[in-house]
$ cat coords.csv   # CSV, C-alpha atoms
chain,number,residue,atom,x,y,z
A,1,MET,CA,19.6,-71.6,-32.0
A,2,GLU,CA,20.2,-69.3,-35.0
A,3,THR,CA,21.6,-65.8,-34.5
A,4,ARG,CA,18.9,-64.6,-36.9
A,5,LEU,CA,16.2,-65.7,-34.4
A,6,LEU,CA,18.0,-63.9,-31.6
A,7,GLN,CA,18.0,-60.7,-33.7
A,8,TYR,CA,14.3,-61.1,-34.5
A,9,PHE,CA,13.5,-61.6,-30.8
A,10,LEU,CA,15.6,-58.5,-29.7
A,11,ALA,CA,13.9,-56.3,-32.3
A,12,VAL,CA,10.5,-57.2,-30.9
A,13,ALA,CA,11.7,-56.8,-27.3
A,14,GLN,CA,13.1,-53.4,-28.1
A,15,GLU,CA,10.2,-52.1,-30.2
A,16,GLN,CA,7.5,-53.8,-28.1
A,17,ASN,CA,5.4,-54.1,-31.2
A,18,PHE,CA,5.5,-56.7,-34.1
A,19,SER,CA,4.7,-54.2,-36.8
A,20,ARG,CA,7.4,-51.8,-35.9
A,21,ALA,CA,9.9,-54.6,-35.4
A,22,ALA,CA,9.0,-56.1,-38.8
A,23,ASP,CA,9.8,-52.7,-40.4
A,24,VAL,CA,13.2,-52.5,-38.7
A,25,LEU,CA,14.0,-56.0,-39.8
A,26,HIS,CA,12.7,-55.5,-43.3
A,27,THR,CA,10.4,-58.5,-43.1
A,28,SER,CA,6.7,-59.1,-43.0
A,29,GLN,CA,4.8,-59.2,-39.7
A,30,PRO,CA,3.4,-62.7,-40.3
A,31,ASN,CA,6.8,-64.1,-40.9
A,32,LEU,CA,8.2,-62.4,-37.8
A,33,SER,CA,5.4,-63.7,-35.7
A,34,LYS,CA,5.9,-67.2,-37.0
A,35,GLN,CA,9.7,-67.1,-36.4
A,36,LEU,CA,9.2,-66.1,-32.8
A,37,SER,CA,6.5,-68.8,-32.2
A,38,ASP,CA,9.0,-71.3,-33.6
A,39,LEU,CA,11.6,-70.0,-31.1
A,40,GLU,CA,9.2,-70.4,-28.2
A,41,SER,CA,8.4,-74.0,-29.4
A,42,GLN,CA,12.2,-74.7,-29.6
A,43,LEU,CA,12.8,-73.5,-26.1
A,44,GLY,CA,9.6,-74.9,-24.7
A,45,LYS,CA,8.9,-71.6,-22.9
A,46,GLN,CA,6.6,-68.6,-23.5
A,47,LEU,CA,8.8,-65.5,-24.2
A,48,LEU,CA,6.3,-62.9,-25.2
A,49,ILE,CA,2.9,-61.7,-23.9
A,50,ARG,CA,1.1,-60.5,-27.0
A,51,GLY,CA,-1.2,-57.6,-26.3
A,52,SER,CA,-3.5,-55.8,-28.7
A,53,ARG,CA,-1.2,-52.8,-28.8
A,54,HIS,CA,2.2,-53.9,-27.5
A,55,VAL,CA,4.2,-56.9,-26.5
A,56,THR,CA,5.8,-57.5,-23.1
A,57,LEU,CA,8.4,-60.0,-22.0
A,58,THR,CA,7.9,-62.9,-19.7
A,59,GLU,CA,10.5,-63.7,-17.0
A,60,GLU,CA,12.0,-66.2,-19.5
A,61,GLY,CA,11.8,-63.6,-22.2
A,62,GLN,CA,13.7,-61.0,-20.1
A,63,LEU,CA,16.5,-63.6,-19.4
A,64,LEU,CA,16.7,-64.4,-23.1
A,65,LYS,CA,16.9,-60.7,-24.0
A,66,GLU,CA,19.9,-60.2,-21.7
A,67,ARG,CA,21.7,-63.3,-23.0
A,68,ALA,CA,20.9,-62.5,-26.6
A,69,GLN,CA,22.5,-59.1,-26.3
A,70,GLU,CA,25.6,-60.6,-24.8
A,71,ILE,CA,25.8,-63.3,-27.5
A,72,LEU,CA,25.3,-61.0,-30.4
A,73,SER,CA,27.8,-58.5,-29.0
A,74,LEU,CA,30.4,-61.3,-28.5
A,75,ILE,CA,29.8,-62.5,-32.1
A,76,GLN,CA,30.3,-59.0,-33.5
A,77,GLN,CA,33.5,-58.5,-31.4
A,78,THR,CA,34.8,-61.9,-32.4
A,79,THR,CA,34.2,-61.1,-36.1
A,80,THR,CA,36.0,-57.8,-35.8
A,81,ASP,CA,38.9,-59.4,-34.0
A,82,VAL,CA,39.3,-62.1,-36.6
A,83,GLN,CA,39.1,-59.7,-39.5
A,84,THR,CA,41.7,-57.3,-38.0
A,85,LEU,CA,44.0,-60.0,-36.8
A,86,ASN,CA,46.5,-59.7,-39.7
A,87,ARG,CA,46.5,-55.9,-39.3
A,88,THR,CA,47.6,-56.1,-35.7
A,89,ILE,CA,51.4,-55.6,-35.9
A,90,THR,CA,53.8,-56.2,-33.0
A,91,GLY,CA,57.5,-56.6,-32.7
A,92,THR,CA,60.8,-54.6,-32.2
A,93,ILE,CA,62.2,-52.3,-34.8
A,94,ARG,CA,66.0,-52.1,-34.5
A,95,LEU,CA,67.4,-48.7,-35.5
A,96,GLY,CA,71.1,-47.6,-35.6
A,97,SER,CA,72.6,-44.3,-36.3
A,98,VAL,CA,76.0,-42.7,-36.6
A,99,THR,CA,74.9,-40.0,-34.1
A,100,PRO,CA,72.1,-39.8,-31.4
A,101,HIS,CA,70.9,-36.6,-33.1
A,102,LEU,CA,69.7,-38.5,-36.1
A,103,LEU,CA,67.6,-40.9,-34.0
A,104,SER,CA,66.0,-38.1,-32.1
A,105,SER,CA,64.9,-36.5,-35.4
A,106,LEU,CA,62.9,-39.7,-36.1
A,107,ALA,CA,60.8,-39.3,-32.9
A,108,PRO,CA,57.7,-38.0,-34.7
A,109,ILE,CA,57.6,-41.1,-37.0
A,110,MET,CA,58.2,-43.4,-34.0
A,111,GLN,CA,55.4,-41.7,-32.1
A,112,THR,CA,53.0,-42.1,-35.0
A,113,ILE,CA,53.7,-45.8,-35.2
A,114,ARG,CA,53.3,-46.3,-31.5
A,115,GLN,CA,50.0,-44.5,-31.5
A,116,ASN,CA,48.6,-46.8,-34.2
A,117,HIS,CA,50.4,-50.0,-33.1
A,118,PRO,CA,51.2,-50.0,-29.3
A,119,GLY,CA,52.6,-53.5,-29.6
A,120,ILE,CA,55.6,-52.2,-31.5
A,121,SER,CA,58.8,-51.2,-29.6
A,122,PHE,CA,62.2,-49.8,-30.7
A,123,ASP,CA,65.8,-50.8,-30.0
A,124,LEU,CA,68.1,-47.8,-30.6
A,125,THR,CA,71.8,-48.0,-31.1
A,126,THR,CA,74.3,-45.2,-31.8
A,127,THR,CA,77.6,-45.7,-33.6
A,128,PRO,CA,76.9,-49.5,-34.1
A,129,THR,CA,79.9,-51.7,-34.5
A,130,ASP,CA,77.9,-54.4,-36.2
A,131,PRO,CA,75.1,-53.0,-38.3
A,132,THR,CA,74.1,-56.4,-39.6
A,133,HIS,CA,71.8,-57.0,-36.6
A,134,LEU,CA,69.9,-53.8,-37.4
A,135,ASP,CA,66.7,-53.4,-39.3
A,136,PHE,CA,67.7,-49.9,-40.5
A,137,LEU,CA,70.9,-47.8,-40.3
A,138,PHE,CA,70.8,-44.0,-40.6
A,139,THR,CA,74.0,-42.6,-42.0
A,140,THR,CA,75.5,-39.6,-43.9
A,141,THR,CA,77.3,-41.9,-46.3
A,142,PRO,CA,75.4,-42.5,-49.6
A,143,GLU,CA,75.8,-46.2,-49.8
A,144,GLU,CA,74.3,-48.4,-52.6
A,145,ASN,CA,70.5,-48.7,-52.4
A,146,ALA,CA,70.3,-46.1,-49.7
A,147,LEU,CA,67.1,-44.1,-49.4
A,148,PRO,CA,67.8,-40.3,-49.2
A,149,LEU,CA,65.7,-38.5,-46.5
A,150,HIS,CA,64.6,-34.9,-46.1
A,151,LEU,CA,66.9,-34.7,-43.1
A,152,THR,CA,70.3,-33.1,-42.7
A,153,GLU,CA,73.1,-33.6,-40.2
A,154,THR,CA,74.9,-30.4,-39.1
A,155,THR,CA,78.5,-30.6,-37.9
A,156,GLY,CA,80.0,-28.3,-35.3
A,157,VAL,CA,82.7,-28.3,-32.7
A,158,LEU,CA,82.1,-29.4,-29.1
A,159,MET,CA,84.4,-27.9,-26.6
A,160,HIS,CA,84.9,-27.0,-22.9
A,161,ALA,CA,83.5,-23.7,-21.8
A,162,ASP,CA,87.0,-22.6,-20.8
A,163,ASN,CA,88.4,-23.3,-24.3
A,164,PRO,CA,89.4,-20.1,-26.2
A,165,LEU,CA,87.3,-21.2,-29.1
A,166,ALA,CA,84.2,-20.8,-26.9
A,167,SER,CA,84.4,-17.0,-27.5
A,168,HIS,CA,83.6,-17.6,-31.2
A,169,THR,CA,80.0,-17.7,-32.5
A,170,ALA,CA,81.1,-20.0,-35.3
A,171,ILE,CA,84.3,-21.9,-36.0
A,172,SER,CA,86.3,-21.6,-39.2
A,173,ALA,CA,89.1,-23.9,-40.5
A,174,ASP,CA,91.7,-21.3,-39.5
A,175,ASP,CA,90.3,-21.1,-35.9
A,176,ILE,CA,91.0,-24.8,-35.2
A,177,LYS,CA,94.6,-24.9,-36.3
A,178,GLY,CA,96.6,-26.5,-33.5
A,179,ALA,CA,93.5,-27.5,-31.6
A,180,PRO,CA,93.7,-31.1,-30.3
A,181,PHE,CA,90.8,-33.2,-31.6
A,182,TRP,CA,89.0,-36.4,-30.8
A,183,LEU,CA,87.8,-38.0,-34.1
A,184,THR,CA,85.4,-40.8,-35.0
A,185,ARG,CA,86.4,-43.6,-37.3
A,186,GLN,CA,84.0,-42.3,-39.9
A,187,GLN,CA,85.6,-38.8,-39.8
A,188,VAL,CA,89.0,-40.4,-40.4
A,189,LYS,CA,88.0,-42.7,-43.2
A,190,ASN,CA,85.6,-40.8,-45.4
A,191,HIS,CA,83.9,-37.6,-44.3
A,192,PRO,CA,83.0,-34.3,-45.9
A,193,LEU,CA,85.2,-32.7,-43.2
A,194,ALA,CA,88.1,-33.2,-45.6
A,195,ASP,CA,86.5,-30.8,-48.1
A,196,TRP,CA,85.6,-28.3,-45.4
A,197,LEU,CA,89.1,-28.4,-43.9
A,198,GLY,CA,90.9,-28.5,-47.2
A,199,PHE,CA,93.0,-31.4,-46.0
A,200,SER,CA,92.4,-34.9,-44.4
A,201,PRO,CA,91.2,-34.9,-40.8
A,202,GLU,CA,94.0,-37.2,-40.0
A,203,ASN,CA,96.4,-34.3,-40.4
A,204,LEU,CA,94.7,-32.5,-37.4
A,205,ASP,CA,96.3,-32.7,-34.0
A,206,THR,CA,94.5,-35.9,-33.2
A,207,LEU,CA,94.3,-37.1,-29.6
A,208,GLY,CA,92.6,-40.3,-30.5
A,209,ILE,CA,89.5,-42.1,-31.7
A,210,CYS,CA,86.1,-42.0,-30.0
A,211,ASP,CA,83.3,-44.3,-31.2
A,212,SER,CA,80.5,-42.2,-29.7
A,213,PRO,CA,79.8,-38.5,-29.0
A,214,GLU,CA,79.3,-39.4,-25.3
A,215,SER,CA,82.9,-40.7,-25.1
A,216,ALA,CA,84.3,-37.5,-26.7
A,217,ALA,CA,82.1,-35.4,-24.4
A,218,ALA,CA,83.4,-37.2,-21.3
A,219,MET,CA,87.0,-36.4,-22.3
A,220,ILE,CA,86.2,-32.8,-23.2
A,221,THR,CA,84.4,-32.3,-19.8
A,222,ALA,CA,87.7,-33.4,-18.2
A,223,GLY,CA,89.4,-30.6,-20.1
A,224,MET,CA,91.0,-32.7,-22.8
A,225,GLY,CA,90.5,-31.7,-26.5
A,226,VAL,CA,87.6,-30.8,-28.7
A,227,ALA,CA,85.5,-32.8,-31.2
A,228,PHE,CA,83.5,-32.5,-34.4
A,229,THR,CA,79.9,-33.4,-33.5
A,230,SER,CA,76.3,-32.8,-34.3
A,231,PRO,CA,74.3,-30.5,-32.1
A,232,PRO,CA,74.5,-31.9,-28.6
A,233,GLN,CA,71.6,-33.8,-27.0
A,234,THR,CA,70.2,-33.4,-23.5
A,235,GLY,CA,72.9,-34.5,-21.0
A,236,ILE,CA,75.7,-33.3,-23.2
A,237,SER,CA,74.7,-29.6,-23.7
A,238,SER,CA,74.9,-28.7,-20.1
A,239,ALA,CA,77.9,-26.9,-18.6
A,240,PRO,CA,80.8,-27.0,-18.9
A,241,LEU,CA,80.4,-27.9,-22.6
A,242,ILE,CA,79.8,-25.5,-25.5
A,243,TRP,CA,78.9,-26.4,-29.1
A,244,ARG,CA,79.6,-24.0,-32.0
A,245,PRO,CA,78.6,-24.4,-35.6
A,246,LEU,CA,81.1,-24.3,-38.4
A,247,ASN,CA,81.7,-21.4,-40.7
A,248,PRO,CA,80.9,-22.0,-43.5
A,249,PRO,CA,78.2,-24.4,-42.4
A,250,LEU,CA,78.7,-28.1,-42.9
A,251,GLU,CA,75.4,-29.9,-43.5
A,252,GLN,CA,75.2,-33.5,-44.8
A,253,PRO,CA,72.2,-35.3,-46.3
A,254,VAL,CA,71.0,-38.3,-44.4
A,255,TYR,CA,70.3,-41.7,-45.8
A,256,VAL,CA,68.7,-44.9,-44.5
A,257,THR,CA,69.9,-48.3,-45.5
A,258,TRP,CA,68.6,-51.8,-44.8
A,259,SER,CA,69.4,-55.4,-45.9
A,260,ARG,CA,67.9,-56.4,-49.2
A,261,LYS,CA,68.9,-60.0,-48.7
A,262,GLN,CA,66.1,-61.0,-46.3
A,263,PRO,CA,62.5,-59.9,-46.0
A,264,LEU,CA,61.6,-57.2,-43.4
A,265,SER,CA,59.4,-58.0,-40.5
A,266,LYS,CA,55.9,-56.6,-40.6
A,267,ALA,CA,56.9,-54.0,-38.0
A,268,ALA,CA,60.0,-53.0,-40.0
A,269,ALA,CA,58.1,-52.9,-43.2
A,270,LEU,CA,55.5,-50.6,-41.6
A,271,PHE,CA,58.4,-48.3,-40.4
A,272,LEU,CA,59.9,-48.1,-43.8
A,273,GLU,CA,56.5,-47.3,-45.4
A,274,THR,CA,55.9,-44.6,-42.8
A,275,LEU,CA,59.4,-43.2,-43.3
A,276,GLN,CA,59.0,-43.1,-47.1
A,277,GLU,CA,55.7,-41.3,-46.8
A,278,ALA,CA,57.3,-38.7,-44.5
A,279,SER,CA,60.2,-38.3,-46.9
A,280,ASN,CA,57.9,-37.4,-49.7
A,281,ARG,CA,56.4,-34.4,-47.8
A,282,PRO,CA,57.9,-30.9,-48.1
A,283,ASN,CA,61.3,-30.5,-46.5
A,284,LYS,CA,61.8,-29.0,-43.1
A,285,PRO,CA,65.2,-28.4,-41.6
A,286,ASN,CA,66.5,-31.2,-39.4
A,287,THR,CA,63.2,-33.2,-39.5
A,288,VAL,CA,62.0,-36.1,-41.4
A,289,ASN,CA,58.8,-34.4,-42.5
$ encode --input "coords.csv" --output "structure tokens"
Amino acid sequence: METRLLQYFLAVAQEQNFSRAADVLHTSQPNLSKQLSDLESQLGKQLLIRGSRHVTLTEEGQLLKERAQEILSLIQQTTTDVQTLNRTITGTIRLGSVTPHLLSSLAPIMQTIRQNHPGISFDLTTTPTDPTHLDFLFTTTPEENALPLHLTETTGVLMHADNPLASHTAISADDIKGAPFWLTRQQVKNHPLADWLGFSPENLDTLGICDSPESAAAMITAGMGVAFTSPPQTGISSAPLIWRPLNPPLEQPVYVTWSRKQPLSKAAALFLETLQEASNRPNKPNTVN
């Protein structure tokens, strides 16, 4: 049974008139009448009761109308599903960052992707020790082939509320002389802090190395030392911790890097495309926008 015949039959069933149905189908009335007579012969059943002014359905015709609507709807849905199959993107996008603050700034982009592609999820890592397993790494270090973003990372000092520095609204290089610091490996190796301080961070009174802001926050909560960090996130900013910006301010541009040696997954390629589109929009502080 051809779908064309089902469409012809439904048009007549809905219009209850051969002339009007022929106009809807853009065909002639004699052709339409012949096609439906052929359909009745094919099924061996009368489907229509032809009156002088309108057409009514027999019991068999009513059954065929219901089934024809289901069949044509399924065909349309199947066609749509097949045509959009390659546009349905799923998978996990693995993101890493030197600080949690950078990842939280990407939330609008991640939400946009999830709204359009609910099959995509995210794997987030801060201060990754092995960035090779990541799809993208967000950093303040301008590495080769890195993409600059309209995003800045602000550095300040995280301290206990009882620390004398907490009385300052902003922290200068002179203020922190003699203060015991927790540093990250990045701050020790190559960091704009050296230019801000006027000397290498290694020459500070260094308590030790912390690979994450959470580790430094735990030690500072216990009353031990201070740390250079980005603005604290929920869970760190509560008492007894205080964060103060630097004076003069220290803001670093943010870059994203990814491996050029292997092709990106469809999900990762979509993320990069969305990120690049956002980066081309007017700059807003601390947002990829």
$ closest_residue --input "coords.csv" --among "A:Val254, A:Val24, A:Met224, A:Met1" --to "A:Glu143" --atoms "all atoms listed in the file"
A:Val254
$ residues_near_point --input "coords.csv" --point "(69.9, -46.6, -49.8)" --cutoff "12 Å" --atoms "only C-alpha atoms" --output "ChimeraX atom specification"
/A:136-149,254-260,272,276
$ closest_residue --input "coords.csv" --among "A:Gln76, A:Pro232, A:Lys65, A:Asp23" --to "A:Pro100" --atoms "only C-alpha atoms"
A:Pro232
$ atom_distance --input "coords.csv" --atom1 "atom CA of A:Ile71" --atom2 "atom CA of A:Pro30"
25.8 Å
$ closest_residue --input "coords.csv" --among "A:His168, A:His54, A:Arg94, A:Lys177" --to "A:Ala268" --atoms "only C-alpha atoms"
A:Arg94
$ atom_distance --input "coords.csv" --atom1 "atom CA of A:Ile176" --atom2 "atom CA of A:Ile242"
14.8 Å
$ residues_near_point --input "coords.csv" --point "(19.3, -65.6, -25.9)" --cutoff "12 Å" --atoms "all atoms listed in the file" --output "number ranges by chain"
A: 1-10, 13, 39-40, 43, 47, 60-73
$ atom_distance --input "coords.csv" --atom1 "atom CA of A:Thr27" --atom2 "atom CA of A:Gln42"
21.2 Å
$ residues_around --input "coords.csv" --residues "A:Thr125" --least-positions-apart "2" --cutoff "10 Å" --atoms "all atoms listed in the file" --output "ChimeraX atom specification"
/A:94-100,103,122-123,127-129,131,134,137
$ residues_around --input "coords.csv" --residues "A:Gly208" --least-positions-apart "2" --cutoff "8 Å" --atoms "all atoms listed in the file" --output "ChimeraX atom specification"
/A:181-183,206,210
$ write_last_selection --input "coords.csv" --atoms "C-alpha atoms" --output "CSV table (one decimal), keeping the file's coordinate frame"
chain,number,residue,atom,x,y,z
A,181,PHE,CA,90.8,-33.2,-31.6
A,182,TRP,CA,89.0,-36.4,-30.8
A,183,LEU,CA,87.8,-38.0,-34.1
A,206,THR,CA,94.5,-35.9,-33.2
A,210,CYS,CA,86.1,-42.0,-30.0
$ residues_around --input "coords.csv" --residues "A:Asp175" --least-positions-apart "5" --cutoff "10 Å" --atoms "all atoms listed in the file" --output "ChimeraX atom specification"
/A:164-165,168,170,247
$ closest_residue --input "coords.csv" --among "A:Asp174, A:Asp38, A:Glu214, A:Asp195" --to "A:His101" --atoms "all atoms listed in the file"
A:Glu214
$ closest_residue --input "coords.csv" --among "A:Ser172, A:Thr154, A:Ser230, A:Ser212" --to "A:Glu251" --atoms "only C-alpha atoms"
A:Thr154
$ closest_residue --input "coords.csv" --among "A:Glu273, A:Asp205, A:Glu15, A:Asp130" --to "A:Gly178" --atoms "only C-alpha atoms"
A:Asp205
